[in-house]
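Participant: Sharing target10.cif here; it has mmCIF, N, CA and C atoms.
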```cif
data_start
#
loop_
_atom_site.label_atom_id
_atom_site.label_comp_id
_atom_site.auth_asym_id
_atom_site.auth_seq_id
_atom_site.Cartn_x
_atom_site.Cartn_y
_atom_site.Cartn_z
N HIS A 2 17.76 56.36 8.40
CA HIS A 2 16.63 55.45 8.28
C HIS A 2 16.68 54.79 6.91
N ARG A 3 16.42 53.51 6.90
CA ARG A 3 16.41 52.78 5.64
C ARG A 3 15.06 52.11 5.47
N PRO A 4 14.41 52.34 4.34
CA PRO A 4 13.14 51.65 4.10
C PRO A 4 13.41 50.17 3.81
N PRO A 5 12.39 49.33 3.93
CA PRO A 5 12.59 47.92 3.61
C PRO A 5 13.11 47.75 2.18
N ALA A 6 14.22 47.02 2.04
CA ALA A 6 14.88 46.88 0.74
C ALA A 6 13.94 46.32 -0.32
N ALA A 7 13.13 45.34 0.03
CA ALA A 7 12.21 44.75 -0.94
C ALA A 7 11.18 45.78 -1.42
N LEU A 8 10.72 46.63 -0.50
CA LEU A 8 9.76 47.67 -0.87
C LEU A 8 10.41 48.68 -1.81
N VAL A 9 11.65 49.04 -1.54
CA VAL A 9 12.37 49.98 -2.41
C VAL A 9 12.46 49.42 -3.83
N LEU A 10 12.85 48.17 -3.94
CA LEU A 10 13.00 47.55 -5.27
C LEU A 10 11.66 47.48 -6.01
N LEU A 11 10.62 47.07 -5.32
CA LEU A 11 9.30 46.98 -5.96
C LEU A 11 8.79 48.36 -6.35
N ALA A 12 8.94 49.32 -5.47
CA ALA A 12 8.46 50.68 -5.75
C ALA A 12 9.22 51.30 -6.91
N ALA A 13 10.53 51.16 -6.93
CA ALA A 13 11.33 51.74 -8.01
C ALA A 13 10.99 51.09 -9.34
N ALA A 14 10.84 49.78 -9.34
CA ALA A 14 10.48 49.10 -10.58
C ALA A 14 9.10 49.53 -11.06
N GLY A 15 8.16 49.63 -10.14
CA GLY A 15 6.80 50.01 -10.50
C GLY A 15 6.69 51.42 -11.03
N ALA A 16 7.45 52.33 -10.43
CA ALA A 16 7.36 53.75 -10.81
C ALA A 16 8.40 54.16 -11.84
N GLY A 17 9.33 53.26 -12.16
CA GLY A 17 10.40 53.63 -13.07
C GLY A 17 11.32 54.67 -12.47
N ALA A 18 11.61 54.53 -11.17
CA ALA A 18 12.37 55.54 -10.45
C ALA A 18 13.79 55.07 -10.14
N LEU A 19 14.63 56.02 -9.81
CA LEU A 19 15.97 55.74 -9.32
C LEU A 19 15.89 55.51 -7.81
N THR A 20 16.82 54.78 -7.28
CA THR A 20 16.91 54.62 -5.83
C THR A 20 18.26 55.16 -5.38
N GLY A 21 18.29 55.66 -4.17
CA GLY A 21 19.55 56.14 -3.64
C GLY A 21 19.36 56.99 -2.42
N THR A 22 20.43 57.55 -1.98
CA THR A 22 20.46 58.35 -0.76
C THR A 22 19.96 59.76 -1.02
N VAL A 23 19.13 60.24 -0.11
CA VAL A 23 18.73 61.64 -0.09
C VAL A 23 19.38 62.23 1.15
N LEU A 24 20.23 63.21 0.95
CA LEU A 24 20.91 63.84 2.08
C LEU A 24 19.93 64.68 2.88
N THR A 25 20.01 64.58 4.19
CA THR A 25 19.22 65.44 5.05
C THR A 25 20.06 66.66 5.38
N VAL A 26 19.53 67.82 5.07
CA VAL A 26 20.23 69.07 5.32
C VAL A 26 19.35 69.98 6.18
N SER A 27 19.97 70.91 6.88
CA SER A 27 19.21 71.81 7.74
C SER A 27 18.89 73.14 7.05
N THR A 28 19.50 73.35 5.90
CA THR A 28 19.24 74.56 5.12
C THR A 28 19.48 74.23 3.65
N VAL A 29 18.83 74.94 2.79
CA VAL A 29 18.99 74.71 1.36
C VAL A 29 20.41 75.07 0.93
N THR A 30 21.00 74.24 0.09
CA THR A 30 22.32 74.53 -0.45
C THR A 30 22.16 75.54 -1.58
N GLY A 31 22.77 76.72 -1.40
CA GLY A 31 22.57 77.78 -2.37
C GLY A 31 23.81 78.26 -3.09
N THR A 32 24.93 77.56 -2.88
CA THR A 32 26.15 77.99 -3.56
C THR A 32 26.79 76.81 -4.28
N ALA A 33 27.55 77.13 -5.31
CA ALA A 33 28.27 76.09 -6.05
C ALA A 33 29.33 75.43 -5.17
N ASP A 34 29.97 76.20 -4.30
CA ASP A 34 31.00 75.64 -3.42
C ASP A 34 30.40 74.62 -2.46
N ARG A 35 29.28 74.95 -1.85
CA ARG A 35 28.63 74.02 -0.92
C ARG A 35 28.14 72.78 -1.67
N ALA A 36 27.59 72.95 -2.85
CA ALA A 36 27.14 71.81 -3.65
C ALA A 36 28.32 70.90 -3.98
N ALA A 37 29.45 71.48 -4.35
CA ALA A 37 30.65 70.69 -4.67
C ALA A 37 31.16 69.94 -3.44
N ALA A 38 31.12 70.59 -2.29
CA ALA A 38 31.56 69.94 -1.05
C ALA A 38 30.66 68.76 -0.70
N LEU A 39 29.37 68.94 -0.85
CA LEU A 39 28.44 67.83 -0.59
C LEU A 39 28.66 66.69 -1.57
N ARG A 40 28.86 67.02 -2.83
CA ARG A 40 29.09 65.99 -3.85
C ARG A 40 30.38 65.22 -3.56
N ALA A 41 31.42 65.91 -3.12
CA ALA A 41 32.69 65.25 -2.79
C ALA A 41 32.53 64.33 -1.59
N ARG A 42 31.75 64.78 -0.62
CA ARG A 42 31.57 63.99 0.60
C ARG A 42 30.58 62.85 0.42
N HIS A 43 29.59 63.04 -0.45
CA HIS A 43 28.52 62.05 -0.67
C HIS A 43 28.32 61.84 -2.18
N PRO A 44 29.29 61.25 -2.85
CA PRO A 44 29.23 61.18 -4.32
C PRO A 44 28.06 60.36 -4.88
N ARG A 45 27.46 59.52 -4.10
CA ARG A 45 26.36 58.68 -4.60
C ARG A 45 24.98 59.24 -4.27
N ALA A 46 24.92 60.35 -3.55
CA ALA A 46 23.63 60.93 -3.18
C ALA A 46 22.90 61.43 -4.42
N LEU A 47 21.60 61.24 -4.42
CA LEU A 47 20.78 61.67 -5.56
C LEU A 47 20.18 63.06 -5.37
N ALA A 48 19.97 63.45 -4.12
CA ALA A 48 19.28 64.72 -3.86
C ALA A 48 19.54 65.14 -2.42
N GLU A 49 19.06 66.34 -2.10
CA GLU A 49 19.06 66.79 -0.72
C GLU A 49 17.64 67.22 -0.37
N ALA A 50 17.31 67.10 0.92
CA ALA A 50 15.98 67.47 1.37
C ALA A 50 16.01 67.74 2.86
N MET A 51 14.96 68.34 3.35
CA MET A 51 14.83 68.61 4.77
C MET A 51 13.67 67.84 5.39
N GLU A 52 12.63 67.61 4.64
CA GLU A 52 11.37 67.12 5.19
C GLU A 52 11.36 65.62 5.50
N GLY A 53 12.02 64.82 4.71
CA GLY A 53 11.90 63.37 4.82
C GLY A 53 12.39 62.80 6.13
N PHE A 54 13.42 63.39 6.71
CA PHE A 54 13.97 62.84 7.94
C PHE A 54 12.96 62.91 9.08
N GLY A 55 12.23 63.99 9.20
CA GLY A 55 11.21 64.11 10.24
C GLY A 55 10.13 63.06 10.09
N VAL A 56 9.72 62.82 8.87
CA VAL A 56 8.72 61.78 8.62
C VAL A 56 9.29 60.41 8.97
N ALA A 57 10.54 60.17 8.60
CA ALA A 57 11.19 58.89 8.91
C ALA A 57 11.31 58.69 10.42
N GLU A 58 11.62 59.75 11.15
CA GLU A 58 11.69 59.67 12.61
C GLU A 58 10.33 59.30 13.20
N ALA A 59 9.28 59.93 12.71
CA ALA A 59 7.94 59.62 13.21
C ALA A 59 7.56 58.18 12.89
N ALA A 60 7.88 57.73 11.70
CA ALA A 60 7.57 56.35 11.32
C ALA A 60 8.32 55.37 12.22
N ALA A 61 9.59 55.64 12.46
CA ALA A 61 10.39 54.77 13.32
C ALA A 61 9.81 54.73 14.73
N ALA A 62 9.37 55.87 15.23
CA ALA A 62 8.81 55.94 16.58
C ALA A 62 7.54 55.10 16.70
N HIS A 63 6.86 54.91 15.58
CA HIS A 63 5.61 54.14 15.60
C HIS A 63 5.77 52.75 15.00
N GLY A 64 7.00 52.38 14.64
CA GLY A 64 7.27 51.04 14.16
C GLY A 64 6.69 50.72 12.80
N VAL A 65 6.56 51.72 11.95
CA VAL A 65 6.03 51.48 10.61
C VAL A 65 7.11 51.79 9.56
N PRO A 66 7.10 51.08 8.46
CA PRO A 66 8.09 51.36 7.42
C PRO A 66 7.82 52.72 6.77
N VAL A 67 8.87 53.28 6.20
CA VAL A 67 8.74 54.57 5.53
C VAL A 67 9.47 54.50 4.20
N LEU A 68 8.95 55.20 3.24
CA LEU A 68 9.54 55.26 1.91
C LEU A 68 9.40 56.70 1.43
N GLU A 69 10.50 57.31 1.05
CA GLU A 69 10.45 58.69 0.56
C GLU A 69 10.47 58.67 -0.96
N VAL A 70 9.54 59.38 -1.55
CA VAL A 70 9.46 59.51 -3.00
C VAL A 70 9.64 60.99 -3.32
N ARG A 71 10.57 61.28 -4.20
CA ARG A 71 10.90 62.65 -4.55
C ARG A 71 10.87 62.85 -6.05
N ALA A 72 10.44 64.01 -6.46
CA ALA A 72 10.62 64.48 -7.83
C ALA A 72 11.48 65.74 -7.71
N VAL A 73 12.47 65.86 -8.54
CA VAL A 73 13.42 66.96 -8.43
C VAL A 73 13.10 68.04 -9.44
N SER A 74 12.94 69.26 -8.94
CA SER A 74 12.62 70.38 -9.82
C SER A 74 13.82 71.26 -10.13
N ASN A 75 14.86 71.14 -9.30
CA ASN A 75 16.03 71.98 -9.52
C ASN A 75 17.25 71.31 -8.92
N PRO A 76 18.42 71.58 -9.51
CA PRO A 76 19.65 70.98 -8.98
C PRO A 76 20.09 71.65 -7.68
N VAL A 77 20.90 70.94 -6.93
CA VAL A 77 21.51 71.50 -5.73
C VAL A 77 22.54 72.52 -6.17
N GLY A 78 22.55 73.67 -5.52
CA GLY A 78 23.53 74.70 -5.85
C GLY A 78 22.89 76.07 -5.92
N PRO A 79 23.48 76.95 -6.70
CA PRO A 79 22.96 78.32 -6.79
C PRO A 79 21.48 78.34 -7.12
N ARG A 80 20.76 79.22 -6.46
CA ARG A 80 19.30 79.28 -6.55
C ARG A 80 18.85 80.07 -7.78
N ASP A 81 18.87 79.43 -8.94
CA ASP A 81 18.43 80.05 -10.19
C ASP A 81 16.97 79.70 -10.40
N ARG A 82 16.07 80.48 -9.84
CA ARG A 82 14.64 80.17 -9.90
C ARG A 82 14.11 80.11 -11.33
N ALA A 83 14.74 80.82 -12.25
CA ALA A 83 14.30 80.78 -13.64
C ALA A 83 14.51 79.40 -14.27
N ALA A 84 15.45 78.64 -13.71
CA ALA A 84 15.75 77.30 -14.25
C ALA A 84 14.94 76.19 -13.57
N TRP A 85 14.20 76.51 -12.53
CA TRP A 85 13.42 75.49 -11.84
C TRP A 85 12.36 74.92 -12.76
N ARG A 86 12.11 73.65 -12.64
CA ARG A 86 11.11 72.95 -13.47
C ARG A 86 10.06 72.33 -12.56
N ILE A 87 9.38 73.17 -11.82
CA ILE A 87 8.40 72.69 -10.83
C ILE A 87 7.25 71.97 -11.51
N GLY A 88 6.75 72.49 -12.60
CA GLY A 88 5.65 71.83 -13.32
C GLY A 88 6.04 70.44 -13.78
N ASP A 89 7.24 70.30 -14.34
CA ASP A 89 7.71 68.98 -14.79
C ASP A 89 7.85 68.02 -13.61
N ALA A 90 8.36 68.54 -12.48
CA ALA A 90 8.53 67.70 -11.30
C ALA A 90 7.18 67.23 -10.77
N LEU A 91 6.21 68.11 -10.73
CA LEU A 91 4.88 67.73 -10.25
C LEU A 91 4.22 66.72 -11.19
N THR A 92 4.42 66.88 -12.48
CA THR A 92 3.90 65.91 -13.44
C THR A 92 4.55 64.55 -13.22
N ALA A 93 5.87 64.53 -13.06
CA ALA A 93 6.58 63.27 -12.82
C ALA A 93 6.11 62.62 -11.52
N LEU A 94 5.90 63.43 -10.50
CA LEU A 94 5.45 62.90 -9.21
C LEU A 94 4.05 62.31 -9.33
N THR A 95 3.17 63.00 -10.03
CA THR A 95 1.81 62.49 -10.24
C THR A 95 1.82 61.17 -10.99
N GLU A 96 2.61 61.12 -12.06
CA GLU A 96 2.70 59.87 -12.83
C GLU A 96 3.32 58.76 -12.00
N GLY A 97 4.36 59.09 -11.24
CA GLY A 97 5.02 58.10 -10.40
C GLY A 97 4.09 57.54 -9.34
N PHE A 98 3.31 58.41 -8.69
CA PHE A 98 2.39 57.92 -7.68
C PHE A 98 1.30 57.06 -8.28
N GLY A 99 0.88 57.38 -9.49
CA GLY A 99 -0.11 56.54 -10.16
C GLY A 99 0.41 55.12 -10.36
N LYS A 100 1.67 55.02 -10.71
CA LYS A 100 2.29 53.71 -10.92
C LYS A 100 2.64 53.04 -9.59
N LEU A 101 2.88 53.84 -8.57
CA LEU A 101 3.29 53.34 -7.27
C LEU A 101 2.12 52.82 -6.44
N ALA A 102 0.94 53.36 -6.66
CA ALA A 102 -0.22 53.00 -5.84
C ALA A 102 -0.45 51.49 -5.76
N PRO A 103 -0.44 50.76 -6.88
CA PRO A 103 -0.67 49.31 -6.77
C PRO A 103 0.41 48.59 -5.95
N VAL A 104 1.63 49.06 -6.03
CA VAL A 104 2.71 48.45 -5.25
C VAL A 104 2.45 48.65 -3.76
N LEU A 105 2.11 49.86 -3.38
CA LEU A 105 1.88 50.16 -1.97
C LEU A 105 0.63 49.47 -1.45
N GLU A 106 -0.40 49.40 -2.28
CA GLU A 106 -1.64 48.75 -1.85
C GLU A 106 -1.44 47.26 -1.60
N SER A 107 -0.53 46.64 -2.33
CA SER A 107 -0.31 45.20 -2.18
C SER A 107 0.83 44.87 -1.21
N TRP A 108 1.56 45.89 -0.74
CA TRP A 108 2.72 45.64 0.12
C TRP A 108 2.29 45.19 1.51
N ASN A 109 2.96 44.17 1.98
CA ASN A 109 2.79 43.70 3.35
C ASN A 109 4.19 43.40 3.86
N GLN A 110 4.64 44.17 4.83
CA GLN A 110 6.02 44.01 5.30
C GLN A 110 6.29 42.61 5.85
N HIS A 111 5.25 41.90 6.27
CA HIS A 111 5.45 40.55 6.81
C HIS A 111 5.68 39.51 5.72
N ASP A 112 5.36 39.87 4.48
CA ASP A 112 5.63 38.98 3.34
C ASP A 112 7.06 39.09 2.86
N HIS A 113 7.76 40.13 3.31
CA HIS A 113 9.12 40.42 2.81
C HIS A 113 10.07 40.61 3.99
N PRO A 114 10.52 39.52 4.60
CA PRO A 114 11.40 39.67 5.78
C PRO A 114 12.74 40.30 5.41
#
```
Would you mind writing the file's structure down as structure tokens?
Facilitator:
Amino acid sequence: HRPPAALVLLAAAGAGALTGTVLTVSTVTGTADRAAALRARHPRALAEAMEGFGVAEAAAAHGVPVLEVRAVSNPVGPRDRAAWRIGDALTALTEGFGKLAPVLESWNQHDHP
């Protein structure tokens, strides 16, 4: 699923975010070998996730655009919970959504073919 390109550009500029591919996985990557294999196969991917694809499927079924916004708390690979930065990720997500709200409120997909 691909969100509307114009919305991606406006949202990223508004929130100061990166844009890119989020890999859909069926289980968390917990080893360095699996992380390296994913990186080799998808060198431009920014993250991995499980939840976004289901939301994108539902949006597509109802004919509405979808945009996934992520804050990353830990790298893909071995599960070192001591290194997770969940508080920082939640702060970044809160700040990003604050900046993103005006973009989303003014977005009209019919204005951006």
Participant: What is the distance, in Å and to one decimal place, between atom N of Pro5 of chain A and atom N of Pro76 of chain A?
Facilitator: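 Those two atoms sit 26.7 Å apart.
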Participant: Quick one: pick out all strand (DSSP E or B) residues within segment 15-93 of chain A from a backbone DSSP run and write them as a PDB file with N, CA and C atoms, in the coordinates of the input.
Facilitator:
```pdb
ATOM      1  N   VAL A  23      19.130  60.240  -0.110  1.00  0.00           N
ATOM      2  CA  VAL A  23      18.730  61.640  -0.090  1.00  0.00           C
ATOM      3  C   VAL A  23      19.380  62.230   1.150  1.00  0.00           C
ATOM      4  N   LEU A  24      20.230  63.210   0.950  1.00  0.00           N
ATOM      5  CA  LEU A  24      20.910  63.840   2.080  1.00  0.00           C
ATOM      6  C   LEU A  24      19.930  64.680   2.880  1.00  0.00           C
ATOM      7  N   THR A  25      20.010  64.580   4.190  1.00  0.00           N
ATOM      8  CA  THR A  25      19.220  65.440   5.050  1.00  0.00           C
ATOM      9  C   THR A  25      20.060  66.660   5.380  1.00  0.00           C
ATOM     10  N   ALA A  48      19.970  63.450  -4.120  1.00  0.00           N
ATOM     11  CA  ALA A  48      19.280  64.720  -3.860  1.00  0.00           C
ATOM     12  C   ALA A  48      19.540  65.140  -2.420  1.00  0.00           C
ATOM     13  N   GLU A  49      19.060  66.340  -2.100  1.00  0.00           N
ATOM     14  CA  GLU A  49      19.060  66.790  -0.720  1.00  0.00           C
ATOM     15  C   GLU A  49      17.640  67.220  -0.370  1.00  0.00           C
ATOM     16  N   ALA A  50      17.310  67.100   0.920  1.00  0.00           N
ATOM     17  CA  ALA A  50      15.980  67.470   1.370  1.00  0.00           C
ATOM     18  C   ALA A  50      16.010  67.740   2.860  1.00  0.00           C
TER      19      ALA A  50
END
```
Participant: Identify, on the basis of all atoms listed in the file, every residue whose closest approach to segment 6-10 of chain A does not exceed 8 Å; exclude the query and any residue fewer than 2 positions from it along the same chain; express the result as a list in words.
Facilitator: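 Non-adjacent residues within range: Arg3, Pro4, Ala12, Ala13, Ala14, Gly15, Ala16, Thr20, Leu68, Val104, Trp108, Gln110, His113 and Pro114 of chain A.
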Participant: Would you list the contacts of segment 77-86 of chain A as a PyMOL selection string, taking every protein, DNA or RNA residue within 7 Å and counting only C-alpha atoms, but skipping same-chain residues closer than 6 positions in sequence?
Facilitator: chain A and resi 30-33+36
Participant: Would you mind exporting the chosen residues as a PDB file, in the coordinates of the input, restricted to N, CA and C atoms?
Facilitator:
```
ATOM      1  N   THR A  30      21.000  74.240   0.090  1.00  0.00           N
ATOM      2  CA  THR A  30      22.320  74.530  -0.450  1.00  0.00           C
ATOM      3  C   THR A  30      22.160  75.540  -1.580  1.00  0.00           C
ATOM      4  N   GLY A  31      22.770  76.720  -1.400  1.00  0.00           N
ATOM      5  CA  GLY A  31      22.570  77.780  -2.370  1.00  0.00           C
ATOM      6  C   GLY A  31      23.810  78.260  -3.090  1.00  0.00           C
ATOM      7  N   THR A  32      24.930  77.560  -2.880  1.00  0.00           N
ATOM      8  CA  THR A  32      26.150  77.990  -3.560  1.00  0.00           C
ATOM      9  C   THR A  32      26.790  76.810  -4.280  1.00  0.00           C
ATOM     10  N   ALA A  33      27.550  77.130  -5.310  1.00  0.00           N
ATOM     11  CA  ALA A  33      28.270  76.090  -6.050  1.00  0.00           C
ATOM     12  C   ALA A  33      29.330  75.430  -5.170  1.00  0.00           C
ATOM     13  N   ALA A  36      27.590  72.950  -2.850  1.00  0.00           N
ATOM     14  CA  ALA A  36      27.140  71.810  -3.650  1.00  0.00           C
ATOM     15  C   ALA A  36      28.320  70.900  -3.980  1.00  0.00           C
TER      16      ALA A  36
END
```
Participant: Considering all atoms listed in the file, state which residue in the set A:Arg71, A:Met51, A:His43, A:Ala60 is at the smallest distance from Val29 of chain A.
Facilitator: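 Ranked by minimum distance to Val29 of chain A, first place goes to A:Met51.
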Participant: Here's the selection I'm unsure about, the PyMOL selection byres (((chain A and resi 93 and name CA) around 10) and name CA); applied to the file above, which residues does it give, as a list in words?
Facilitator: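 When the PyMOL selection byres (((chain A and resi 93 and name CA) around 10) and name CA) is applied to the shown file, the picked residues are Ala16, Ala18, Arg71, Ala72, Val73, Ser74, Ile87, Gly88, Asp89, Ala90, Leu91, Thr92, Leu94, Thr95, Glu96, Gly97, Phe98 and Gly99 of chain A.
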Participant: Between atom CA of Arg42 of chain A and atom CA of Leu19 of chain A, measure the distance and give it in Å to one decimal.
Facilitator: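 Atom-to-atom, atom CA of Arg42 of chain A and atom CA of Leu19 of chain A are spaced 20.2 Å apart.
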Participant: What parts of chain A does DSSP call alpha helix (DSSP H)? I'd like the answer as JSON, numbers by chain.
Facilitator: {"A": [6, 7, 8, 9, 10, 11, 12, 13, 14, 15, 16, 33, 34, 35, 36, 37, 38, 39, 40, 41, 42, 52, 53, 54, 55, 56, 57, 58, 59, 60, 61, 62, 87, 88, 89, 90, 91, 92, 93, 94, 95, 96, 97, 98, 99, 100, 101, 102, 103, 104, 105, 106, 107]}
Participant: Could you list the residues chosen by the PyMOL selection byres (((chain A and resi 54 and name CA) around 10) and name CA) in this structure as a tab-separated table (two decimals) with N, CA and C atoms, in the coordinates of the input?
Facilitator:
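Output saved as selection25.tsv:
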```tsv
chain	number	residue	atom	x	y	z
A	2	HIS	N	17.76	56.36	8.40
A	2	HIS	CA	16.63	55.45	8.28
A	2	HIS	C	16.68	54.79	6.91
A	23	VAL	N	19.13	60.24	-0.11
A	23	VAL	CA	18.73	61.64	-0.09
A	23	VAL	C	19.38	62.23	1.15
A	24	LEU	N	20.23	63.21	0.95
A	24	LEU	CA	20.91	63.84	2.08
A	24	LEU	C	19.93	64.68	2.88
A	25	THR	N	20.01	64.58	4.19
A	25	THR	CA	19.22	65.44	5.05
A	25	THR	C	20.06	66.66	5.38
A	26	VAL	N	19.53	67.82	5.07
A	26	VAL	CA	20.23	69.07	5.32
A	26	VAL	C	19.35	69.98	6.18
A	50	ALA	N	17.31	67.10	0.92
A	50	ALA	CA	15.98	67.47	1.37
A	50	ALA	C	16.01	67.74	2.86
A	51	MET	N	14.96	68.34	3.35
A	51	MET	CA	14.83	68.61	4.77
A	51	MET	C	13.67	67.84	5.39
A	52	GLU	N	12.63	67.61	4.64
A	52	GLU	CA	11.37	67.12	5.19
A	52	GLU	C	11.36	65.62	5.50
A	53	GLY	N	12.02	64.82	4.71
A	53	GLY	CA	11.90	63.37	4.82
A	53	GLY	C	12.39	62.80	6.13
A	55	GLY	N	12.23	63.99	9.20
A	55	GLY	CA	11.21	64.11	10.24
A	55	GLY	C	10.13	63.06	10.09
A	56	VAL	N	9.72	62.82	8.87
A	56	VAL	CA	8.72	61.78	8.62
A	56	VAL	C	9.29	60.41	8.97
A	57	ALA	N	10.54	60.17	8.60
A	57	ALA	CA	11.19	58.89	8.91
A	57	ALA	C	11.31	58.69	10.42
A	58	GLU	N	11.62	59.75	11.15
A	58	GLU	CA	11.69	59.67	12.61
A	58	GLU	C	10.33	59.30	13.20
A	59	ALA	N	9.28	59.93	12.71
A	59	ALA	CA	7.94	59.62	13.21
A	59	ALA	C	7.56	58.18	12.89
A	60	ALA	N	7.88	57.73	11.70
A	60	ALA	CA	7.57	56.35	11.32
A	60	ALA	C	8.32	55.37	12.22
A	69	GLU	N	10.50	57.31	1.05
A	69	GLU	CA	10.45	58.69	0.56
A	69	GLU	C	10.47	58.67	-0.96
```
Participant: Would you mind telling me which residue in A:Asn109, A:Val67, A:Ala61, A:Thr22 lies nearest to Ala46 of chain A when using only C-alpha atoms?
Facilitator: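 Looking at the shortest contact to Ala46 of chain A, the residue is A:Thr22.
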Participant: Around all of segment 89-97 of chain A's listed atoms, make the axis-aligned box with 4 Å on each side and tell me centre and edge lengths in Å to one decimal, as AutoDock Vina command-line options.
Facilitator:
```
--center_x 5.2 --center_y 63.9 --center_z -12.0 --size_x 14.7 --size_y 20.8 --size_z 13.6
```
Participant: In Å, rounded to a single decimal, give me how far atom C of Glu106 of chain A is from atom CA of Ala48 of chain A.
Facilitator: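 Straight-line distance from atom CA of Ala48 of chain A to atom C of Glu106 of chain A works out to 27.2 Å.
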Participant: Which is closest to Asn75 of chain A among A:Thr28, A:Ala62, A:Lys100, A:Glu49, if we use only C-alpha atoms?
Facilitator: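 For Asn75 of chain A, the nearest of the given residues is A:Glu49.
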